[in-house]
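Chemist: So I've got this file, my_file-v6.csv, and it contains CSV, C-alpha atoms:
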chain,number,residue,atom,x,y,z
A,1,MET,CA,-4.7,264.7,-22.2
A,2,PRO,CA,-3.1,267.1,-24.7
A,3,PRO,CA,0.3,266.3,-26.1
A,4,SER,CA,3.3,267.4,-23.9
A,5,SER,CA,5.1,268.7,-27.0
A,6,PRO,CA,4.1,269.5,-30.6
A,7,LEU,CA,7.0,267.3,-31.6
A,8,ARG,CA,5.0,264.2,-30.8
A,9,ALA,CA,3.2,264.9,-34.0
A,10,GLY,CA,6.2,263.4,-35.8
A,11,THR,CA,8.8,266.1,-35.9
A,12,ARG,CA,10.8,265.2,-32.9
A,13,SER,CA,13.6,263.5,-34.9
A,14,THR,CA,13.8,266.2,-37.4
A,15,ARG,CA,16.6,268.8,-37.4
A,16,VAL,CA,14.8,272.1,-37.4
A,17,PRO,CA,16.6,275.3,-38.0
A,18,CYS,CA,16.0,278.3,-35.7
A,19,ASN,CA,13.7,280.7,-37.5
A,20,ILE,CA,16.0,283.6,-36.6
A,21,CYS,CA,19.7,282.6,-36.7
A,22,PHE,CA,19.3,279.3,-38.7
A,23,ILE,CA,21.2,277.2,-36.2
A,24,TYR,CA,20.0,273.6,-36.3
A,25,SER,CA,18.8,271.8,-33.2
A,26,ALA,CA,17.2,268.4,-32.8
A,27,PRO,CA,14.7,268.7,-31.3
A,28,PRO,CA,14.1,272.5,-31.4
A,29,ASP,CA,14.1,274.0,-27.9
A,30,TRP,CA,11.6,276.8,-28.1
A,31,ALA,CA,8.6,278.0,-30.1
A,32,SER,CA,6.8,281.3,-30.6
A,33,LEU,CA,3.1,280.5,-30.3
A,34,THR,CA,2.1,283.8,-31.7
A,35,LEU,CA,4.1,283.4,-34.9
A,36,GLY,CA,4.1,279.7,-35.2
A,37,VAL,CA,7.9,279.3,-35.5
A,38,PHE,CA,10.6,277.2,-33.8
A,39,VAL,CA,13.6,279.1,-32.4
A,40,CYS,CA,16.8,278.2,-30.5
A,41,GLN,CA,17.2,279.0,-26.8
A,42,ALA,CA,19.4,282.1,-27.5
A,43,CYS,CA,16.9,283.6,-29.9
A,44,SER,CA,13.9,282.8,-27.6
A,45,LEU,CA,15.3,285.4,-25.2
A,46,LEU,CA,15.1,288.0,-27.9
A,47,HIS,CA,11.5,287.0,-28.7
A,48,ARG,CA,10.7,287.3,-25.0
A,49,SER,CA,11.9,290.9,-25.1
A,50,ILE,CA,9.2,291.7,-27.7
A,51,PRO,CA,6.1,290.3,-26.0
A,52,HIS,CA,3.7,292.3,-28.1
A,53,ILE,CA,4.6,290.3,-31.2
A,54,SER,CA,5.8,287.0,-29.8
A,55,ARG,CA,4.7,284.7,-26.9
A,56,VAL,CA,7.4,282.0,-26.4
A,57,LYS,CA,7.1,278.6,-24.9
A,58,SER,CA,9.4,275.7,-24.3
A,59,VAL,CA,8.7,272.5,-26.2
A,60,GLN,CA,9.2,270.6,-22.9
A,61,ASP,CA,6.2,272.4,-21.4
A,62,THR,CA,2.6,271.1,-21.5
A,63,TRP,CA,0.9,272.2,-24.6
A,64,ASP,CA,-2.8,272.8,-25.4
A,65,ALA,CA,-4.2,271.1,-28.5
A,66,SER,CA,-4.9,274.5,-30.0
A,67,ASP,CA,-1.2,275.5,-29.7
A,68,VAL,CA,-0.1,272.2,-31.4
A,69,GLU,CA,-2.6,272.9,-34.2
A,70,LEU,CA,-1.2,276.4,-34.7
A,71,MET,CA,2.4,275.1,-35.0
A,72,ALA,CA,1.2,272.5,-37.4
A,73,ALA,CA,-0.6,275.1,-39.5
A,74,MET,CA,2.3,277.5,-39.7
A,75,GLY,CA,5.8,276.3,-39.0
A,76,ASN,CA,9.1,277.8,-40.1
A,77,ASN,CA,8.7,277.3,-43.8
A,78,ALA,CA,5.3,278.9,-44.0
A,79,ALA,CA,6.4,281.8,-41.7
A,80,LYS,CA,9.4,282.3,-44.0
A,81,ALA,CA,7.2,282.5,-47.1
A,82,LYS,CA,5.0,285.0,-45.3
A,83,TYR,CA,7.4,287.3,-43.5
A,84,GLU,CA,10.4,287.1,-45.9
A,85,GLN,CA,8.7,287.6,-49.2
A,86,LYS,CA,10.8,290.5,-50.3
A,87,VAL,CA,14.1,290.4,-48.4
A,88,PRO,CA,16.7,292.4,-50.5
A,89,ALA,CA,19.6,290.3,-51.6
A,90,PHE,CA,22.0,292.7,-49.8
A,91,TYR,CA,20.2,292.6,-46.5
A,92,TYR,CA,22.2,290.9,-43.8
A,93,ARG,CA,20.7,287.7,-42.4
A,94,PRO,CA,22.2,287.1,-39.0
A,95,THR,CA,23.5,283.7,-37.8
A,96,HIS,CA,23.9,282.3,-34.3
A,97,SER,CA,27.4,283.8,-34.1
A,98,ASP,CA,26.3,287.4,-34.7
A,99,CYS,CA,25.8,290.0,-32.1
A,100,LYS,CA,22.5,290.4,-30.2
A,101,LEU,CA,21.8,293.7,-32.0
A,102,LEU,CA,21.7,292.1,-35.5
A,103,ARG,CA,19.5,289.2,-34.4
A,104,GLU,CA,17.1,291.4,-32.5
A,105,GLN,CA,16.7,293.9,-35.4
A,106,TRP,CA,16.2,291.0,-37.8
A,107,ILE,CA,13.3,289.8,-35.6
A,108,ARG,CA,11.8,293.3,-35.4
A,109,ALA,CA,12.3,293.9,-39.2
A,110,LYS,CA,10.4,290.7,-40.0
A,111,TYR,CA,7.6,290.6,-37.4
A,112,GLU,CA,7.2,294.1,-35.9
A,113,ARG,CA,7.9,296.4,-38.9
A,114,ASN,CA,7.0,293.9,-41.7
A,115,GLU,CA,9.8,295.3,-43.8
A,116,PHE,CA,10.0,292.3,-46.1
A,117,GLU,CA,6.3,292.3,-47.0
A,118,PHE,CA,6.2,296.0,-48.1
A,119,ILE,CA,9.1,297.3,-50.2
A,120,GLU,CA,8.4,300.9,-49.3
A,121,LYS,CA,9.4,300.2,-45.7
A,122,GLN,CA,13.0,299.3,-46.9
A,123,GLU,CA,13.7,302.9,-48.1
A,124,PRO,CA,16.0,303.8,-45.1
A,125,TYR,CA,18.6,301.4,-46.5
A,126,SER,CA,17.7,300.8,-50.1
A,127,ALA,CA,17.3,304.4,-51.4
A,128,GLY,CA,20.9,304.8,-52.5
A,129,TYR,CA,21.4,307.9,-50.3
A,130,ARG,CA,21.5,308.2,-46.6
A,131,GLU,CA,22.3,311.2,-44.4
A,132,GLY,CA,22.5,311.4,-40.6
A,133,PHE,CA,24.6,311.8,-37.5
A,134,LEU,CA,26.7,309.1,-35.8
A,135,TRP,CA,28.9,309.2,-32.8
A,136,LYS,CA,32.5,308.8,-34.1
A,137,ARG,CA,35.5,308.1,-32.0
A,138,GLY,CA,38.3,310.7,-32.3
A,139,ARG,CA,41.6,309.4,-33.6
A,140,ASP,CA,43.7,311.2,-31.2
A,141,ASN,CA,41.6,311.9,-28.0
A,142,GLY,CA,39.5,308.8,-28.1
A,143,GLN,CA,36.3,310.8,-27.4
A,144,PHE,CA,33.1,310.0,-29.3
A,145,LEU,CA,31.7,313.1,-31.0
A,146,SER,CA,28.6,313.6,-33.2
A,147,ARG,CA,29.5,313.7,-36.8
A,148,LYS,CA,27.5,314.1,-40.0
A,149,PHE,CA,27.7,311.2,-42.4
A,150,ILE,CA,26.5,311.0,-46.0
A,151,LEU,CA,26.3,307.8,-48.0
A,152,SER,CA,25.8,308.4,-51.8
A,153,GLU,CA,25.7,305.6,-54.3
A,154,ARG,CA,25.8,308.2,-57.1
A,155,GLU,CA,29.1,309.6,-55.8
A,156,GLY,CA,30.3,306.1,-54.8
A,157,ALA,CA,31.4,307.2,-51.4
A,158,LEU,CA,30.6,307.5,-47.7
A,159,LYS,CA,31.7,310.9,-46.2
A,160,TYR,CA,31.7,312.4,-42.8
A,161,PHE,CA,32.0,316.1,-41.7
A,162,ASN,CA,33.6,317.5,-38.6
A,163,LYS,CA,31.1,320.3,-38.5
A,164,GLN,CA,27.5,320.3,-39.4
A,165,ASP,CA,27.8,323.2,-41.8
A,166,ALA,CA,31.1,322.2,-43.3
A,167,ARG,CA,31.3,322.2,-47.0
A,168,ASP,CA,34.2,319.8,-47.4
A,169,PRO,CA,34.2,316.4,-45.8
A,170,LYS,CA,36.8,315.3,-43.3
A,171,ALA,CA,37.1,311.9,-45.0
A,172,VAL,CA,35.8,310.4,-48.2
A,173,MET,CA,35.5,306.6,-48.1
A,174,LYS,CA,35.1,305.0,-51.5
A,175,ILE,CA,32.4,302.3,-51.7
A,176,GLU,CA,34.7,300.0,-53.6
A,177,THR,CA,37.0,299.6,-50.5
A,178,LEU,CA,34.4,300.0,-47.8
A,179,ASN,CA,33.8,297.3,-45.1
A,180,ALA,CA,31.6,297.4,-42.0
A,181,THR,CA,31.4,295.0,-39.1
A,182,PHE,CA,29.7,295.2,-35.8
A,183,GLN,CA,32.1,295.3,-32.8
A,184,PRO,CA,30.0,295.9,-29.7
A,185,ALA,CA,32.5,294.5,-27.2
A,186,LYS,CA,35.5,296.1,-28.8
A,187,ILE,CA,33.9,299.6,-29.0
A,188,GLY,CA,32.1,299.3,-25.7
A,189,ASN,CA,28.7,300.0,-27.1
A,190,PRO,CA,26.0,297.5,-28.2
A,191,CYS,CA,25.5,299.5,-31.4
A,192,GLY,CA,29.3,299.8,-32.1
A,193,LEU,CA,30.3,299.5,-35.8
A,194,GLN,CA,33.8,299.4,-37.2
A,195,ILE,CA,34.2,300.9,-40.7
A,196,THR,CA,37.3,300.1,-42.7
A,197,TYR,CA,38.5,301.7,-45.9
A,198,LEU,CA,41.6,302.5,-47.8
A,199,LYS,CA,43.3,305.9,-47.4
A,200,ASP,CA,46.5,306.8,-49.1
A,201,ASN,CA,47.0,303.1,-49.9
A,202,SER,CA,46.7,302.0,-46.3
A,203,THR,CA,43.8,300.6,-44.3
A,204,ARG,CA,42.1,303.1,-42.0
A,205,ASN,CA,39.6,302.2,-39.2
A,206,ILE,CA,36.9,304.4,-37.8
A,207,PHE,CA,34.5,303.5,-35.0
A,208,VAL,CA,31.0,304.7,-34.7
A,209,TYR,CA,27.7,304.1,-33.0
A,210,HIS,CA,24.2,305.4,-32.7
A,211,SER,CA,21.9,305.3,-29.6
A,212,ASP,CA,19.1,303.8,-31.8
A,213,ALA,CA,19.6,300.2,-32.7
A,214,LYS,CA,17.4,300.3,-35.9
A,215,GLU,CA,19.3,303.4,-37.1
A,216,MET,CA,22.6,301.7,-36.8
A,217,VAL,CA,21.5,298.5,-38.5
A,218,ASP,CA,19.9,300.6,-41.3
A,219,TRP,CA,23.3,302.3,-41.8
A,220,PHE,CA,25.0,298.9,-41.9
A,221,ASN,CA,22.5,297.6,-44.6
A,222,ALA,CA,22.7,300.8,-46.5
A,223,ILE,CA,26.5,300.3,-46.8
A,224,ARG,CA,25.8,296.7,-48.0
A,225,ALA,CA,23.3,298.0,-50.5
A,226,ALA,CA,25.8,300.5,-51.9
A,227,ARG,CA,28.4,297.8,-52.1
A,228,PHE,CA,26.0,295.4,-53.8
A,229,HIS,CA,25.0,297.9,-56.5
A,230,TYR,CA,28.6,298.9,-57.1
A,231,LEU,CA,29.6,295.3,-57.6
A,232,GLN,CA,26.6,294.6,-59.9
A,233,VAL,CA,28.0,297.4,-62.2
A,234,ALA,CA,31.6,296.3,-61.9
A,235,PHE,CA,30.9,292.7,-62.5
A,236,PRO,CA,27.7,292.4,-64.6
A,237,GLY,CA,28.1,288.7,-65.2
A,238,ALA,CA,28.2,287.8,-61.5
A,239,SER,CA,25.2,286.3,-59.8
A,240,ASP,CA,23.7,287.6,-56.5
A,241,GLU,CA,25.1,284.4,-54.8
A,242,GLU,CA,28.6,285.4,-55.9
A,243,LEU,CA,28.3,289.1,-54.9
A,244,VAL,CA,26.5,288.8,-51.5
A,245,PRO,CA,29.5,287.2,-49.6
A,246,LYS,CA,31.7,290.1,-50.7
A,247,LEU,CA,29.5,292.9,-49.4
A,248,THR,CA,30.9,293.0,-45.8
A,249,ARG,CA,33.0,290.6,-43.8
A,250,ASN,CA,33.6,289.8,-40.2
A,251,PHE,CA,37.2,289.3,-39.0
A,252,MET,CA,38.3,285.7,-38.6
A,253,LYS,CA,39.8,286.3,-35.1
A,254,GLU,CA,40.9,289.2,-32.9
A,255,GLY,CA,42.8,289.5,-29.6
A,256,PHE,CA,46.0,290.3,-27.8
A,257,MET,CA,49.2,288.4,-28.4
A,258,GLU,CA,52.9,289.3,-27.9
A,259,LYS,CA,55.3,289.6,-30.8
A,260,THR,CA,58.9,290.2,-31.4
A,261,GLY,CA,60.8,291.8,-34.3
A,262,PRO,CA,62.4,290.1,-37.4
A,263,LYS,CA,65.8,289.4,-35.7
A,264,HIS,CA,64.0,287.7,-32.7
A,265,THR,CA,66.4,289.6,-30.3
A,266,GLU,CA,64.0,292.3,-29.4
A,267,GLY,CA,61.8,292.0,-26.4
A,268,PHE,CA,58.2,290.8,-27.0
A,269,LYS,CA,55.6,293.5,-27.1
A,270,LYS,CA,51.9,293.1,-26.4
A,271,ARG,CA,49.8,294.0,-29.5
A,272,TRP,CA,46.2,293.7,-30.6
A,273,PHE,CA,45.9,291.4,-33.6
A,274,THR,CA,43.2,291.2,-36.3
A,275,MET,CA,43.0,288.3,-38.7
A,276,ASP,CA,41.3,289.7,-41.9
A,277,ASP,CA,41.3,287.0,-44.6
A,278,ARG,CA,45.1,286.4,-45.2
A,279,ARG,CA,46.2,289.6,-43.4
A,280,LEU,CA,47.3,289.4,-39.8
A,281,MET,CA,47.3,293.1,-38.8
A,282,TYR,CA,48.7,294.3,-35.4
A,283,PHE,CA,47.8,297.4,-33.5
A,284,LYS,CA,49.1,299.0,-30.2
A,285,ASP,CA,45.5,299.5,-29.2
A,286,PRO,CA,42.3,297.7,-30.4
A,287,LEU,CA,40.8,301.1,-31.4
A,288,ASP,CA,43.8,302.4,-33.3
A,289,ALA,CA,43.0,304.0,-36.7
A,290,TYR,CA,46.0,302.4,-38.4
A,291,ALA,CA,47.8,299.1,-38.0
A,292,ARG,CA,51.5,299.1,-37.0
A,293,GLY,CA,52.1,296.4,-39.6
A,294,GLU,CA,51.0,293.1,-40.9
A,295,VAL,CA,51.9,289.6,-41.7
A,296,PHE,CA,50.7,287.9,-44.9
A,297,ILE,CA,49.5,284.3,-44.3
A,298,GLY,CA,49.9,282.2,-47.5
A,299,SER,CA,49.0,278.5,-48.1
A,300,LYS,CA,50.7,275.3,-47.3
A,301,GLU,CA,51.4,274.8,-51.0
A,302,ASN,CA,53.5,277.9,-50.8
A,303,SER,CA,55.5,276.7,-47.8
A,304,TYR,CA,53.5,278.4,-45.0
A,305,THR,CA,53.1,276.5,-41.8
A,306,VAL,CA,52.0,277.2,-38.2
A,307,LEU,CA,53.7,275.5,-35.3
A,308,SER,CA,52.8,275.3,-31.6
A,309,GLY,CA,55.6,276.8,-29.4
A,310,LEU,CA,58.7,278.9,-30.0
A,311,PRO,CA,62.2,278.0,-31.0
A,312,PRO,CA,64.3,276.8,-27.9
A,313,SER,CA,66.6,279.8,-28.0
A,314,THR,CA,63.8,282.4,-27.9
A,315,GLN,CA,63.9,284.9,-25.0
A,316,GLY,CA,62.1,288.0,-23.9
A,317,TYR,CA,58.5,286.7,-23.9
A,318,HIS,CA,56.2,287.0,-20.9
A,319,TRP,CA,53.3,284.8,-22.1
A,320,ASN,CA,54.2,281.1,-22.2
A,321,HIS,CA,52.0,279.8,-25.0
A,322,GLY,CA,54.0,280.4,-28.2
A,323,ILE,CA,53.1,280.2,-31.9
A,324,THR,CA,55.5,280.1,-34.8
A,325,ILE,CA,54.4,281.0,-38.3
A,326,VAL,CA,56.9,279.8,-40.9
A,327,THR,CA,56.9,281.6,-44.2
A,328,PRO,CA,59.3,281.2,-47.2
A,329,ASP,CA,61.3,284.2,-46.0
A,330,ARG,CA,61.3,284.1,-42.2
A,331,LYS,CA,59.7,282.9,-39.0
A,332,PHE,CA,57.2,285.1,-37.1
A,333,LEU,CA,57.0,284.5,-33.3
A,334,PHE,CA,54.0,285.2,-31.2
A,335,ALA,CA,53.0,284.3,-27.6
A,336,CYS,CA,49.5,283.9,-26.1
A,337,GLU,CA,48.4,284.5,-22.5
A,338,THR,CA,46.4,281.2,-22.2
A,339,GLU,CA,46.5,277.8,-23.8
A,340,ALA,CA,42.9,278.3,-25.0
A,341,GLU,CA,43.9,281.4,-26.9
A,342,GLN,CA,46.9,279.6,-28.4
A,343,ARG,CA,44.6,276.8,-29.7
A,344,ASP,CA,42.1,279.3,-31.2
A,345,TRP,CA,44.8,281.3,-33.0
A,346,ILE,CA,46.5,278.2,-34.3
A,347,ALA,CA,43.1,276.9,-35.6
A,348,ALA,CA,42.5,280.3,-37.3
A,349,PHE,CA,45.9,280.3,-39.0
A,350,GLN,CA,45.5,276.6,-40.0
A,351,ARG,CA,42.2,277.4,-41.7
A,352,VAL,CA,43.9,280.0,-43.8
A,353,ILE,CA,47.0,278.0,-44.6
A,354,ASN,CA,44.9,275.0,-45.6
A,355,ARG,CA,43.0,277.1,-48.2
A,356,PRO,CA,44.7,277.3,-51.6
A,357,MET,CA,45.7,280.8,-52.6
A,358,ARG,CA,43.7,282.6,-55.3
A,359,PRO,CA,45.7,284.0,-58.2
A,360,GLN,CA,45.0,287.6,-57.1
A,361,GLU,CA,46.4,286.9,-53.6
A,362,TYR,CA,49.9,286.4,-54.9
A,363,ALA,CA,50.2,290.1,-55.4
A,364,GLY,CA,49.6,290.5,-51.7
A,365,GLU,CA,52.3,288.0,-50.9
A,366,GLU,CA,54.9,289.7,-53.1
A,367,THR,CA,54.4,293.2,-51.8
A,368,HIS,CA,53.4,292.9,-48.2
A,369,LYS,CA,55.6,294.7,-45.6
A,370,PRO,CA,55.7,293.0,-42.2
A,371,THR,CA,56.4,296.2,-40.3
A,372,GLY,CA,55.0,298.8,-42.6
A,373,PRO,CA,51.6,300.2,-43.7
A,374,LEU,CA,49.0,298.2,-45.6
A,375,TYR,CA,49.1,298.4,-49.3
A,376,SER,CA,46.5,298.8,-52.0
A,377,CYS,CA,47.4,295.4,-53.6
A,378,PHE,CA,44.9,294.0,-51.0
A,379,VAL,CA,42.0,295.8,-52.7
A,380,PHE,CA,41.6,292.8,-55.0
A,381,SER,CA,42.4,290.0,-52.6
A,382,VAL,CA,40.5,291.3,-49.5
A,383,TYR,CA,37.6,293.3,-50.9
A,384,GLY,CA,36.7,290.5,-53.3
A,385,PHE,CA,36.7,292.3,-56.6
A,386,MET,CA,37.9,289.3,-58.7
A,387,PHE,CA,35.9,286.2,-59.5
Taking this structure as input, can you express it in the form of structure tokens?

Modeler:
Amino acid sequence: MPPSSPLRAGTRSTRVPCNICFIYSAPPDWASLTLGVFVCQACSLLHRSIPHISRVKSVQDTWDASDVELMAAMGNNAAKAKYEQKVPAFYYRPTHSDCKLLREQWIRAKYERNEFEFIEKQEPYSAGYREGFLWKRGRDNGQFLSRKFILSEREGALKYFNKQDARDPKAVMKIETLNATFQPAKIGNPCGLQITYLKDNSTRNIFVYHSDAKEMVDWFNAIRAARFHYLQVAFPGASDEELVPKLTRNFMKEGFMEKTGPKHTEGFKKRWFTMDDRRLMYFKDPLDAYARGEVFIGSKENSYTVLSGLPPSTQGYHWNHGITIVTPDRKFLFACETEAEQRDWIAAFQRVINRPMRPQEYAGEETHKPTGPLYSCFVFSVYGFMF
């Protein structure tokens, strides 16, 4: 009788990473018989959606001897050597926590389009210049309108134009301060991308999407490529391993909380909060272009602490799960709707507070304004230009 699982051949006790998102499972849950790779359950669903390149089977099913031999002949390491021969250093490799769009396009780029076997197929995001139309959310009316975008490494900027034949751009976003992160749930579109940059020394958000998933991921990796080449010039002594984590970043945590003012006598107001490195920014609406203000979160060595609950005399809050952040200058009071959200926010704050501050972050601590705009001092501490 054929083996019930290829893992009987001696791999059952081995921790095998998913070939797509690199999460480890012991034993692995699923395998692609077409490609000869092991994948986790979540990524197996993505493989199933591309049946012409991948036939998926559970390791708990009955296997034919020929299927076992295929897996033994290929496996994740051999597949990686074949399908990932020429992955650019800047190309984003998704993990299990990334959105479906990034993981699916990684699968298609590797196995369907063979982008990492033939360099010429990487031109859409590696050429140093990209031009096209994206749907951009209007700052005032909230409507998404088609806008022309141009990314130019030579000019060091990403620009967009309100009219197709316009000579002057509506906005010029310098590559040195540019960040991009996928926000499908927040934007309400599976291809939703949030682009952040500095304008007049304050942080500006724009929200875009494209109906074609590949097009949107190509834009994302083109931005990463432009950032990578900029940093290579700015820091010629830095290795790829040092530069790649600084190309784009996801926010540590986002969500609604209530907050009160510095005197703690004002009523609590519901705000959308974004934790971006040591900056806790707050917005009236999740899709606002500008933050209403920010709180700088330092380290425990600098007398920053986070406490569960609110001071006994606190009034005016509607949500019962309080958080107090103690800084050298004052206490910041927040309230969460659920206990689970309170735990998650406290854990996020604690991770930041437990991390020693880098020298360049002290500038951010000295000049931050809790209720004002975001200042350019954060170019260095947030955008990662110092090593």

Chemist: Find the residues near stretch 150-160 of chain A: any atom within 7 Å, counting all atoms listed in the file, skip ones fewer than 2 places away on the same chain, and give them as a compact mmCIF listing (two decimals) with C-alpha atoms, in the frame of the given file.

Modeler:
# COMPACT_ATOMS: atom_id res chain seq x y z
CA GLY A 128 20.90 304.80 -52.50
CA TYR A 129 21.40 307.90 -50.30
CA ARG A 130 21.50 308.20 -46.60
CA GLU A 131 22.30 311.20 -44.40
CA GLY A 132 22.50 311.40 -40.60
CA ARG A 147 29.50 313.70 -36.80
CA LYS A 148 27.50 314.10 -40.00
CA ASN A 162 33.60 317.50 -38.60
CA PRO A 169 34.20 316.40 -45.80
CA LYS A 170 36.80 315.30 -43.30
CA ALA A 171 37.10 311.90 -45.00
CA VAL A 172 35.80 310.40 -48.20
CA MET A 173 35.50 306.60 -48.10
CA LYS A 174 35.10 305.00 -51.50
CA ILE A 175 32.40 302.30 -51.70
CA ALA A 226 25.80 300.50 -51.90

Chemist: Considering all atoms listed in the file, can you say which of A:Lys284, A:Asp165, A:Ala289, A:Glu341 comes closest to A:Leu198?

Modeler: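 Checking each candidate against A:Leu198, we get A:Ala289 as the closest.
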
Chemist: Name all residues at most 10 Å from stretch 73-90 of chain A (count all atoms listed in the file; drop same-chain ones fewer than 6 positions away) and give them as a ChimeraX atom specification.

Modeler: /A:16-20,31-33,35-39,67,109-111,114-119,122,125-126,221-229,240-241,243-245,247-248

Chemist: So, counting all atoms listed in the file, which residue among A:Trp30, A:Tyr290, A:Tyr91, A:Phe296 is closest to A:Arg55?

Modeler: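 For A:Arg55, the nearest of the given residues is A:Trp30.
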
Chemist: I need the residue nearest A:Ser146 from this list: A:Thr324, A:Ser211, A:Thr260, A:Gln194. Use all atoms listed in the file for the distance.

Modeler: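 With all atoms listed in the file as the atom set, the closest residue is A:Ser211.
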
Chemist: From the list A:Gln41, A:Thr34, A:Gln105, A:Gln164, which residue is nearest A:Glu215 when using only C-alpha atoms?

Modeler: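 With only C-alpha atoms as the atom set, the closest residue is A:Gln105.
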
Chemist: In terms of the shortest atom-to-atom distance over all atoms listed in the file, which of A:Asn354, A:Thr274, A:Ser66, A:Ser308 is closest to A:Phe334?

Modeler: A:Ser308

Chemist: Please compute the atom CA of A:Arg204-atom CA of A:Asp329 distance, one decimal, in Å.

Modeler: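 Atom CA of A:Asp329 lies 27.2 Å from atom CA of A:Arg204.
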
Chemist: Set the distance at 9 Å and use only C-alpha atoms: which residues neighbour A:Ala348 once local chain neighbours fewer than 5 positions away are removed? I'd like the list as a list of chain:residue names.

Modeler: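 Close residues of A:Ala348: A:Met252, A:Lys253, A:Met275, A:Arg343, A:Ile353.
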
Chemist: Between atom CA of A:Lys121 and atom CA of A:Asn179, measure the distance and give it in Å to one decimal.

Modeler: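 A separation of 24.6 Å between them.
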
Chemist: Pick the closest to A:Gly267 from A:Ala335, A:Leu46, A:Leu145, A:Ile187: which is it, counting only C-alpha atoms?

Modeler: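 Smallest distance to A:Gly267 is found for A:Ala335.
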
Chemist: Could you tell me how far atom CA of A:Ala42 sits from atom CA of A:Val59, in Å to one decimal place?

Modeler: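 Answer for the atom CA of A:Val59 to atom CA of A:Ala42 separation: 14.4 Å.
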
Chemist: So which residues fall inside 10 Å of (37.5, 289.1, -38.2) if we count all atoms listed in the file? Mind giving them as a PyMOL selection string?

Modeler: chain A and resi 181+183+249-254+273-277+280

Chemist: If you count all atoms listed in the file, which residues fall within 7 Å of A:Trp272, apart from same-chain ones fewer than 6 positions away, as a list in words?

Modeler: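 Here the answer would be Gly255, Phe256, Met257, Tyr282, Phe283, Lys284, Asp285 and Pro286 of chain A.
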
Chemist: Is it possible to add all heavy atoms to stretch 121-125 of chain A and hand it back as a PDB file, keeping the file's coordinate frame?

Modeler:
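See part04.pdb below for the written result:
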ATOM      1  N   LYS A 121       8.857 300.071 -47.055  1.00  0.00           N
ATOM      2  CA  LYS A 121       9.400 300.200 -45.700  1.00  0.00           C
ATOM      3  C   LYS A 121      10.925 299.942 -45.690  1.00  0.00           C
ATOM      4  O   LYS A 121      11.555 300.083 -44.643  1.00  0.00           O
ATOM      5  CB  LYS A 121       8.725 299.148 -44.796  1.00  0.00           C
ATOM      6  CG  LYS A 121       7.247 299.451 -44.554  1.00  0.00           C
ATOM      7  CD  LYS A 121       6.654 298.561 -43.485  1.00  0.00           C
ATOM      8  CE  LYS A 121       5.214 298.956 -43.183  1.00  0.00           C
ATOM      9  NZ  LYS A 121       4.623 298.177 -42.063  1.00  0.00           N
ATOM     10  N   GLN A 122      11.519 299.604 -46.836  1.00  0.00           N
ATOM     11  CA  GLN A 122      13.000 299.300 -46.900  1.00  0.00           C
ATOM     12  C   GLN A 122      13.746 300.588 -47.362  1.00  0.00           C
ATOM     13  O   GLN A 122      14.970 300.527 -47.493  1.00  0.00           O
ATOM     14  CB  GLN A 122      13.208 298.206 -47.914  1.00  0.00           C
ATOM     15  CG  GLN A 122      12.524 296.910 -47.529  1.00  0.00           C
ATOM     16  CD  GLN A 122      12.608 295.848 -48.615  1.00  0.00           C
ATOM     17  OE1 GLN A 122      13.345 295.991 -49.595  1.00  0.00           O
ATOM     18  NE2 GLN A 122      11.847 294.783 -48.461  1.00  0.00           N
ATOM     19  N   GLU A 123      13.051 301.693 -47.554  1.00  0.00           N
ATOM     20  CA  GLU A 123      13.700 302.900 -48.100  1.00  0.00           C
ATOM     21  C   GLU A 123      14.887 303.372 -47.243  1.00  0.00           C
ATOM     22  O   GLU A 123      15.881 303.863 -47.809  1.00  0.00           O
ATOM     23  CB  GLU A 123      12.697 304.023 -48.251  1.00  0.00           C
ATOM     24  CG  GLU A 123      13.283 305.237 -48.950  1.00  0.00           C
ATOM     25  CD  GLU A 123      12.224 306.277 -49.289  1.00  0.00           C
ATOM     26  OE1 GLU A 123      11.030 305.950 -49.276  1.00  0.00           O
ATOM     27  OE2 GLU A 123      12.604 307.426 -49.561  1.00  0.00           O
ATOM     28  N   PRO A 124      14.854 303.261 -45.899  1.00  0.00           N
ATOM     29  CA  PRO A 124      16.000 303.800 -45.100  1.00  0.00           C
ATOM     30  C   PRO A 124      17.341 303.167 -45.520  1.00  0.00           C
ATOM     31  O   PRO A 124      18.384 303.790 -45.302  1.00  0.00           O
ATOM     32  CB  PRO A 124      15.630 303.393 -43.683  1.00  0.00           C
ATOM     33  CG  PRO A 124      14.148 303.376 -43.665  1.00  0.00           C
ATOM     34  CD  PRO A 124      13.753 302.831 -45.021  1.00  0.00           C
ATOM     35  N   TYR A 125      17.347 301.978 -46.103  1.00  0.00           N
ATOM     36  CA  TYR A 125      18.600 301.400 -46.500  1.00  0.00           C
ATOM     37  C   TYR A 125      18.722 301.007 -47.959  1.00  0.00           C
ATOM     38  O   TYR A 125      19.757 300.535 -48.406  1.00  0.00           O
ATOM     39  CB  TYR A 125      18.918 300.127 -45.634  1.00  0.00           C
ATOM     40  CG  TYR A 125      17.744 299.188 -45.434  1.00  0.00           C
ATOM     41  CD1 TYR A 125      17.381 298.271 -46.405  1.00  0.00           C
ATOM     42  CD2 TYR A 125      16.991 299.234 -44.261  1.00  0.00           C
ATOM     43  CE1 TYR A 125      16.305 297.412 -46.222  1.00  0.00           C
ATOM     44  CE2 TYR A 125      15.916 298.383 -44.059  1.00  0.00           C
ATOM     45  CZ  TYR A 125      15.572 297.475 -45.040  1.00  0.00           C
ATOM     46  OH  TYR A 125      14.511 296.634 -44.856  1.00  0.00           O
TER      47      TYR A 125
END
